[in-house]
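Participant: So here's work.txt, just compact mmCIF, C-alpha atoms and all ligand atoms:
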# COMPACT_ATOMS: atom_id res chain seq x y z
CA MET A 1 -16.24 4.95 7.77
CA GLY A 2 -12.62 4.38 6.79
CA LYS A 3 -11.64 3.48 3.27
CA ILE A 4 -9.39 0.45 2.98
CA ILE A 5 -6.82 0.67 0.19
CA ALA A 6 -4.44 -2.14 -0.76
CA ILE A 7 -1.12 -0.90 -2.12
CA ALA A 8 -0.34 -3.83 -4.36
CA ASN A 9 1.71 -5.09 -7.28
CA GLN A 10 3.17 -8.59 -7.56
CA LYS A 11 6.40 -7.05 -8.72
CA GLY A 12 8.92 -6.12 -6.05
CA GLY A 13 10.78 -2.84 -5.84
CA VAL A 14 8.12 -0.74 -7.57
CA GLY A 15 7.45 1.60 -4.65
CA LYS A 16 4.64 -0.10 -2.70
CA THR A 17 6.20 0.45 0.71
CA THR A 18 7.50 3.92 -0.13
CA THR A 19 3.99 4.84 -1.23
CA THR A 20 2.31 3.31 1.83
CA ILE A 21 4.54 5.26 4.23
CA ASN A 22 4.53 8.58 2.41
CA LEU A 23 0.94 8.62 1.19
CA GLY A 24 0.00 7.70 4.77
CA ALA A 25 2.02 10.61 6.14
CA ALA A 26 0.67 12.99 3.49
CA LEU A 27 -2.94 12.03 4.23
CA SER A 28 -2.19 12.51 7.91
CA SER A 29 -0.85 16.01 7.15
CA PHE A 30 -4.31 16.74 5.70
CA ASN A 31 -5.88 15.77 9.03
CA GLN A 32 -6.87 12.28 7.97
CA LYS A 33 -6.58 9.52 10.53
CA VAL A 34 -4.46 6.76 9.01
CA LEU A 35 -3.74 3.14 9.90
CA VAL A 36 -1.08 1.17 8.03
CA ILE A 37 -1.11 -2.61 8.10
CA ASP A 38 2.20 -4.15 7.11
CA LEU A 39 1.57 -7.48 5.38
CA ASP A 40 5.08 -8.03 4.02
CA PRO A 41 7.36 -10.55 5.81
CA GLN A 42 10.24 -8.17 5.03
CA ALA A 43 8.57 -5.62 7.35
CA ASN A 44 9.97 -2.66 5.40
CA ALA A 45 7.05 -0.38 6.27
CA THR A 46 7.37 -1.32 9.94
CA ILE A 47 11.07 -0.46 10.02
CA GLY A 48 10.65 2.54 7.73
CA LEU A 49 8.16 4.00 10.18
CA GLY A 50 10.69 3.79 12.97
CA LEU A 51 9.75 0.60 14.81
CA LYS A 52 12.51 -1.67 16.05
CA ARG A 53 12.20 -5.38 15.34
CA GLU A 54 13.11 -6.37 18.91
CA MET A 55 10.36 -4.18 20.36
CA ILE A 56 7.57 -5.72 18.36
CA ASN A 57 5.48 -8.45 19.96
CA TYR A 58 2.15 -8.39 18.18
CA THR A 59 2.20 -8.40 14.40
CA SER A 60 -0.11 -8.90 11.44
CA TYR A 61 0.96 -12.57 11.48
CA PHE A 62 -0.72 -13.08 14.87
CA VAL A 63 -3.75 -11.09 13.75
CA LEU A 64 -4.16 -13.51 10.84
CA THR A 65 -3.39 -16.74 12.71
CA THR A 66 -4.69 -16.27 16.28
CA ASN A 67 -7.57 -14.49 17.98
CA LEU A 68 -5.47 -11.35 18.46
CA THR A 69 -7.47 -8.30 17.41
CA ILE A 70 -6.18 -5.49 15.23
CA LYS A 71 -6.61 -3.05 18.11
CA GLU A 72 -4.28 -5.15 20.27
CA ALA A 73 -1.63 -5.15 17.56
CA ILE A 74 -1.68 -1.41 16.81
CA GLN A 75 1.41 0.67 17.56
CA LYS A 76 0.87 4.42 17.62
CA GLN A 77 3.39 6.48 15.68
CA LEU A 78 3.61 10.24 15.28
CA MET A 79 1.74 10.54 11.98
CA MET A 80 -0.17 7.28 11.83
CA ASP A 81 -0.92 4.01 13.55
CA ILE A 82 0.63 0.79 12.33
CA VAL A 83 0.15 -2.93 12.70
CA PRO A 84 3.71 -4.20 12.21
CA ALA A 85 4.82 -7.23 10.23
CA SER A 86 7.31 -9.95 11.00
CA ILE A 87 9.19 -12.66 9.19
CA GLU A 88 6.74 -15.39 10.35
CA LEU A 89 4.40 -14.11 7.62
CA GLU A 90 6.53 -16.10 5.19
CA ASN A 91 4.96 -19.30 6.50
CA ILE A 92 1.39 -18.12 6.60
CA GLY A 93 0.35 -20.34 3.67
CA GLU A 94 1.25 -23.50 5.60
CA LYS A 95 -0.16 -22.19 8.85
CA LEU A 96 -3.58 -21.42 7.37
CA TYR A 97 -3.62 -24.39 5.01
CA ASP A 98 -6.70 -26.04 6.58
CA THR A 99 -8.48 -22.87 7.64
CA LYS A 100 -11.89 -22.22 6.12
CA GLU A 101 -12.46 -18.94 4.25
CA LYS A 102 -8.87 -18.04 4.92
CA GLU A 103 -8.99 -15.21 2.37
CA GLN A 104 -11.50 -13.37 4.53
CA ILE A 105 -9.74 -13.28 7.90
CA LEU A 106 -8.38 -9.75 7.55
CA SER A 107 -11.64 -8.45 6.14
CA HIS A 108 -13.56 -9.66 9.23
CA LYS A 109 -10.94 -8.40 11.66
CA LEU A 110 -10.84 -4.93 10.09
CA GLU A 111 -14.55 -4.39 10.69
CA ALA A 112 -13.83 -3.59 14.34
CA VAL A 113 -11.52 -0.66 13.52
CA LYS A 114 -12.95 0.68 10.26
CA GLU A 115 -14.86 3.41 12.07
CA ASP A 116 -11.76 4.68 13.84
CA TYR A 117 -9.86 5.76 10.71
CA ASP A 118 -10.31 7.78 7.53
CA PHE A 119 -7.89 5.57 5.59
CA ILE A 120 -6.46 2.12 6.19
CA LEU A 121 -3.51 1.34 3.90
CA LEU A 122 -2.39 -2.26 3.41
CA ASP A 123 1.26 -2.61 2.39
CA CYS A 124 1.26 -5.83 0.36
CA PRO A 125 4.16 -8.20 -0.25
CA PRO A 126 5.34 -8.92 -3.79
CA SER A 127 4.21 -12.33 -5.08
CA SER A 128 0.73 -13.77 -4.94
CA GLY A 129 -0.81 -16.00 -2.33
CA ILE A 130 -2.83 -15.83 0.82
CA LEU A 131 -1.57 -12.42 1.97
CA ILE A 132 -2.57 -10.68 -1.25
CA ASP A 133 -5.89 -12.52 -1.25
CA ASN A 134 -6.57 -11.31 2.30
CA ALA A 135 -5.61 -7.77 1.35
CA LEU A 136 -7.80 -7.67 -1.77
CA PHE A 137 -10.77 -9.21 0.04
CA ALA A 138 -10.50 -6.66 2.84
CA SER A 139 -10.04 -3.64 0.55
CA ASP A 140 -12.44 -1.18 -1.00
CA SER A 141 -9.87 -0.30 -3.64
CA VAL A 142 -6.38 -1.04 -4.92
CA LEU A 143 -3.63 1.46 -5.62
CA ILE A 144 -1.08 -0.03 -8.01
CA PRO A 145 2.38 1.53 -8.04
CA VAL A 146 4.15 0.99 -11.35
CA GLU A 147 7.80 1.77 -11.83
CA CYS A 148 8.52 3.66 -15.06
CA GLU A 149 10.35 0.70 -16.51
CA TYR A 150 9.41 -1.91 -19.11
CA PHE A 151 9.09 -5.06 -16.99
CA ALA A 152 7.00 -3.21 -14.45
CA TYR A 153 4.62 -2.24 -17.23
CA ASP A 154 4.38 -5.89 -18.21
CA ALA A 155 3.56 -6.96 -14.64
CA LEU A 156 0.71 -4.45 -14.51
CA THR A 157 -1.54 -6.63 -16.67
CA GLN A 158 -1.02 -9.56 -14.30
CA MET A 159 -2.00 -7.43 -11.34
CA VAL A 160 -5.11 -6.19 -13.09
CA ASN A 161 -6.15 -9.74 -14.00
CA LYS A 162 -5.81 -10.71 -10.35
CA ILE A 163 -8.02 -7.78 -9.36
CA TYR A 164 -10.68 -8.85 -11.88
CA GLN A 165 -10.66 -12.39 -10.41
CA VAL A 166 -11.21 -11.11 -6.88
CA GLN A 167 -13.85 -8.65 -8.11
CA THR A 168 -15.86 -11.55 -9.53
CA ILE A 169 -15.77 -13.47 -6.25
CA LYS A 170 -16.52 -10.41 -4.15
CA LYS A 171 -19.56 -9.61 -6.30
CA THR A 172 -21.18 -12.86 -5.14
CA LEU A 173 -20.67 -11.60 -1.57
CA LYS A 174 -22.21 -8.23 -2.50
CA GLN A 175 -18.87 -6.52 -2.00
CA SER A 176 -16.87 -4.50 -4.47
CA LEU A 177 -13.25 -3.79 -5.26
CA ILE A 178 -12.31 -0.86 -7.45
CA ILE A 179 -9.02 0.33 -8.86
CA GLU A 180 -8.18 3.46 -6.89
CA GLY A 181 -5.53 4.32 -9.42
CA VAL A 182 -2.28 3.40 -11.08
CA LEU A 183 0.63 5.40 -9.70
CA LEU A 184 3.73 5.90 -11.82
CA THR A 185 6.82 5.85 -9.63
CA LYS A 186 10.59 6.24 -9.78
CA LEU A 187 10.49 8.36 -12.92
CA ASP A 188 13.98 9.42 -13.95
CA ASN A 189 13.33 12.88 -15.36
CA ARG A 190 16.47 12.71 -17.51
CA ASN A 191 15.52 9.45 -19.21
CA VAL A 192 13.19 9.68 -22.22
CA PHE A 193 12.29 6.00 -21.97
CA GLY A 194 10.55 6.56 -18.63
CA TYR A 195 8.15 8.98 -20.30
CA ARG A 196 7.29 6.34 -22.94
CA ILE A 197 6.17 4.04 -20.12
CA VAL A 198 4.11 6.90 -18.69
CA GLU A 199 2.34 7.26 -22.06
CA LYS A 200 1.73 3.53 -22.40
CA VAL A 201 0.24 3.25 -18.92
CA LYS A 202 -1.99 6.27 -19.56
CA GLU A 203 -3.20 4.65 -22.82
CA LEU A 204 -4.05 1.48 -20.92
CA PHE A 205 -5.78 3.26 -18.00
CA PRO A 206 -6.85 6.68 -19.28
CA ASP A 207 -9.22 7.32 -16.36
CA LYS A 208 -7.32 5.45 -13.69
CA THR A 209 -3.78 6.80 -13.91
CA PHE A 210 -2.99 9.37 -11.22
CA GLN A 211 -1.96 12.76 -12.63
CA THR A 212 0.69 12.89 -9.93
CA ILE A 213 3.88 11.04 -10.89
CA ILE A 214 6.56 10.20 -8.33
CA SER A 215 10.09 11.02 -9.53
CA ARG A 216 13.22 9.23 -8.53
CA SER A 217 14.48 10.96 -5.42
CA SER A 218 17.26 10.31 -2.97
CA HIS A 219 15.20 11.82 -0.14
CA LEU A 220 12.59 9.10 -0.64
CA GLN A 221 15.33 6.49 -0.46
CA GLU A 222 16.98 7.94 2.60
CA ALA A 223 13.98 8.78 4.81
CA PRO A 224 13.25 5.16 5.91
CA MET A 225 16.84 4.80 7.18
CA HIS A 226 15.87 7.42 9.75
CA GLY A 227 12.56 5.72 10.50
CA LYS A 228 10.67 8.67 9.07
CA SER A 229 8.36 9.53 6.24
CA VAL A 230 9.77 11.97 3.70
CA LEU A 231 7.45 14.66 5.08
CA GLU A 232 9.19 14.41 8.45
CA PHE A 233 12.66 13.89 6.97
CA ALA A 234 12.67 16.55 4.23
CA TYR A 235 9.34 18.38 4.10
CA ASN A 236 10.33 20.69 1.25
CA SER A 237 11.88 18.04 -0.99
CA ARG A 238 10.34 17.10 -4.32
CA GLY A 239 9.40 13.62 -3.09
CA SER A 240 7.53 15.11 -0.15
CA LYS A 241 5.66 17.54 -2.40
CA GLN A 242 4.75 14.80 -4.87
CA TYR A 243 3.31 12.55 -2.17
CA ARG A 244 1.32 15.49 -0.80
CA ASP A 245 0.04 16.11 -4.35
CA LEU A 246 -0.93 12.45 -4.55
CA ALA A 247 -2.83 12.66 -1.24
CA LYS A 248 -4.65 15.75 -2.47
CA GLU A 249 -5.56 14.06 -5.75
CA LEU A 250 -6.81 10.96 -3.94
CA LEU A 251 -8.89 13.05 -1.53
CA ASP A 252 -10.38 15.04 -4.43
CA ASN A 253 -11.23 11.87 -6.35
CA ASN A 254 -12.94 10.43 -3.28
CA ARG A 255 -14.86 13.62 -2.66
CA LYS A 256 -16.10 13.60 -6.28
CA GLU A 257 -17.13 9.95 -5.99
CA LYS A 258 -19.27 10.72 -2.97
CA GLU A 259 -21.06 13.66 -4.64
N1 LIG A 301 10.61 7.54 -6.02
C1 LIG A 301 11.69 6.85 -5.65
N2 LIG A 301 12.92 7.37 -5.85
C2 LIG A 301 14.02 6.69 -5.49
N3 LIG A 301 14.01 5.50 -4.89
C3 LIG A 301 12.81 4.93 -4.64
C4 LIG A 301 11.60 5.58 -5.00
N4 LIG A 301 10.57 4.77 -4.61
C5 LIG A 301 11.13 3.69 -4.07
N5 LIG A 301 12.47 3.77 -4.08
C6 LIG A 301 13.45 2.78 -3.60
O1 LIG A 301 13.30 1.61 -4.36
C7 LIG A 301 13.39 0.46 -3.53
C8 LIG A 301 12.08 -0.31 -3.59
O2 LIG A 301 11.02 0.52 -3.12
P1 LIG A 301 9.88 -0.08 -2.20
O3 LIG A 301 8.96 1.03 -1.87
O4 LIG A 301 10.48 -0.83 -1.06
O5 LIG A 301 9.20 -1.08 -3.22
P2 LIG A 301 8.25 -2.34 -2.95
O6 LIG A 301 7.59 -2.16 -1.62
O7 LIG A 301 7.28 -2.32 -4.10
O8 LIG A 301 9.11 -3.55 -3.00
C9 LIG A 301 13.71 0.97 -2.14
O9 LIG A 301 15.08 0.94 -1.95
C10 LIG A 301 13.21 2.41 -2.16
O10 LIG A 301 13.93 3.25 -1.29
MG MG A 302 7.52 -3.39 0.08
I'd like the structure from this file rewritten - as structure tokens, please.

Facilitator:
Amino acid sequence: MGKIIAIANQKGGVGKTTTTINLGAALSSFNQKVLVIDLDPQANATIGLGLKREMINYTSYFVLTTNLTIKEAIQKQLMMDIVPASIELENIGEKLYDTKEKEQILSHKLEAVKEDYDFILLDCPPSSGILIDNALFASDSVLIPVECEYFAYDALTQMVNKIYQVQTIKKTLKQSLIIEGVLLTKLDNRNVFGYRIVEKVKELFPDKTFQTIISRSSHLQEAPMHGKSVLEFAYNSRGSKQYRDLAKELLDNNRKEKE
């Protein structure tokens, strides 16, 4: 049974998409079968994984607004499968305005493919709204990337409050939503201030902060321009190693949970 993880933070630019792509690739390198669902109208994960906008017909927008199934929307890539996104997602709020239980569409649709994967990663857009609600309802856990920067730290509390809200509603449906972990990203190893944010986040989430920290790295920035994960683009780079460490840590945590 696949585990569904939302990669979420209302703040933009914190490393959600970079984490989705590279954690996905790293899990795949450990023989895990991975599906990525791109829920961001910007479609950065879609493009970063090498798909061309003009070649995409079926996207997460049509999964959420028509009877298109996830299976029909899946594109197979080298290291993982992906359901691409498109700009129409921007108008999803209006489109689903009158729909009943609109937060639960993705959750129901994912049931049909859950068995086929070890991990399903949902790349969430910044901002709140119907897309995030769908992602959190469908997920077993949330991974929150936090940039080692003050305003990102501030946004973390908002994200956690949102998770608590959804947890309360899901409880009434006998479903749960846990925090998979808080991931510190874009750490500038030469800047002392970044380490202060690391300490503050660890104080706030002593048991939930991943040991692995993602440093600032030009390889991580450049890989998506080539439509590749950093593992494919520069396997021996620091960014690649750190995302493999993260995958290992996540797999270990999940193994321990099951014991
Ligand atoms: N560890 C990192 N080192 C350097 N640049 C990064 C790193 N993580 C992300 N970036 C860059 O920061 C920008 C925002 O990252 P992205 O993953 O798209 O964030 P989000 O999906 O949260 O908006 C992108 O240009 C990306 O290449
Ligand atoms: Mg993104």

Participant: Go ahead and fit an axis-aligned box to every listed atom of region 56-68 of chain A plus 5 Å each side, and pass me the centre and edge lengths in Å, one decimal, as lines of an AutoDock Vina configuration file.

Facilitator:
center_x = 0.0
center_y = -11.2
center_z = 15.4
size_x = 25.1
size_y = 21.0
size_z = 19.1

Participant: For each of A:Ser139, A:Ser215, A:Gln104, A:Thr168, take the minimum atom-to-atom distance to Ile7 (chain A), counting all atoms listed in the file, then give the residue where this is smallest.

Facilitator: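 So, comparing all the options, the nearest one is A:Ser139.
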
Participant: Using only C-alpha atoms and all ligand atoms, pick whichever of A:Val146, A:Ala138, A:Leu204, A:Leu177 has the shortest atom-to-atom distance to ligand LIG 301 (chain A).

Facilitator: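 Among the listed residues, the smallest separation from ligand LIG 301 (chain A) belongs to A:Val146.
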
Participant: Between A:Glu259, A:Glu180, A:Asp123, A:Glu199, which is the closest to ligand LIG 301 (chain A) once you count only C-alpha atoms and all ligand atoms?

Facilitator: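 Closest to ligand LIG 301 (chain A) of all the choices is A:Asp123.
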
Participant: From the options A:Thr157, A:Glu88, A:Ala25, A:Ala45, which residue's atoms come nearest to ligand MG 302 (chain A), counting all atoms listed in the file?

Facilitator: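 Using all atoms listed in the file, ligand MG 302 (chain A) sits closest to A:Ala45.
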
Participant: Around ligand LIG 301 (chain A), at most 10 Å away and counting all atoms listed in the file, which residues are there? Put them as a ChimeraX atom specification, please.

Facilitator: /A:7-22,40,42-45,48,123-126,144-147,184-188,213-225,238-239,242-243

Participant: For Phe119 (chain A), list every protein, DNA or RNA residue within 12 Å, evaluated using all atoms listed in the file, and leave out those in the same chain fewer than 5 positions away; present the list as an NGL selection string.

Facilitator: :A and (1-6 or 20 or 23-28 or 30-37 or 80-82 or 110 or 113-114 or 139-141 or 247 or 250-251 or 254)

Participant: State, in Å with one decimal place, the distance from CA of Lys248 (chain A) to CA of Thr212 (chain A).

Facilitator: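 One can read the CA of Lys248 (chain A) to CA of Thr212 (chain A) distance as 9.6 Å.
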
Participant: Between A:Val166, A:Val63, A:Met159, A:Val230, which one has atoms that come closest to Ser86 (chain A), using all atoms listed in the file?

Facilitator: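 Smallest separation from Ser86 (chain A) among the options: A:Val63.
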
Participant: So what do you get for CA of Glu101 (chain A) versus CA of Gln158 (chain A), distance-wise?

Facilitator: 23.7 Å

Participant: Using CA of Leu96 (chain A) and CA of Lys52 (chain A) as the two end points, give the distance in Å to one decimal.

Facilitator: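 About the pair CA of Leu96 (chain A) and CA of Lys52 (chain A): they are 26.9 Å apart.
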
Participant: So that I can check the surroundings of Glu103 (chain A), please list as a PDB file with C-alpha atoms, in the coordinates of the input every protein, DNA and RNA residue that reaches within 8 Å of it, counting all atoms listed in the file and ignoring chain neighbours fewer than 6 positions away.

Facilitator:
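The resulting part_16.pdb:
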ATOM      1  CA  ILE A 130      -2.830 -15.830   0.820  1.00  0.00           C
ATOM      2  CA  LEU A 131      -1.570 -12.420   1.970  1.00  0.00           C
ATOM      3  CA  ASP A 133      -5.890 -12.520  -1.250  1.00  0.00           C
ATOM      4  CA  ASN A 134      -6.570 -11.310   2.300  1.00  0.00           C
ATOM      5  CA  PHE A 137     -10.770  -9.210   0.040  1.00  0.00           C
TER       6      PHE A 137
END

Participant: With only C-alpha atoms as the basis for distance, which of A:Asp118, A:Glu111, A:Asp207, A:Asp154 is at the shortest distance from Lys71 (chain A)?

Facilitator: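 Smallest distance to Lys71 (chain A) is found for A:Glu111.
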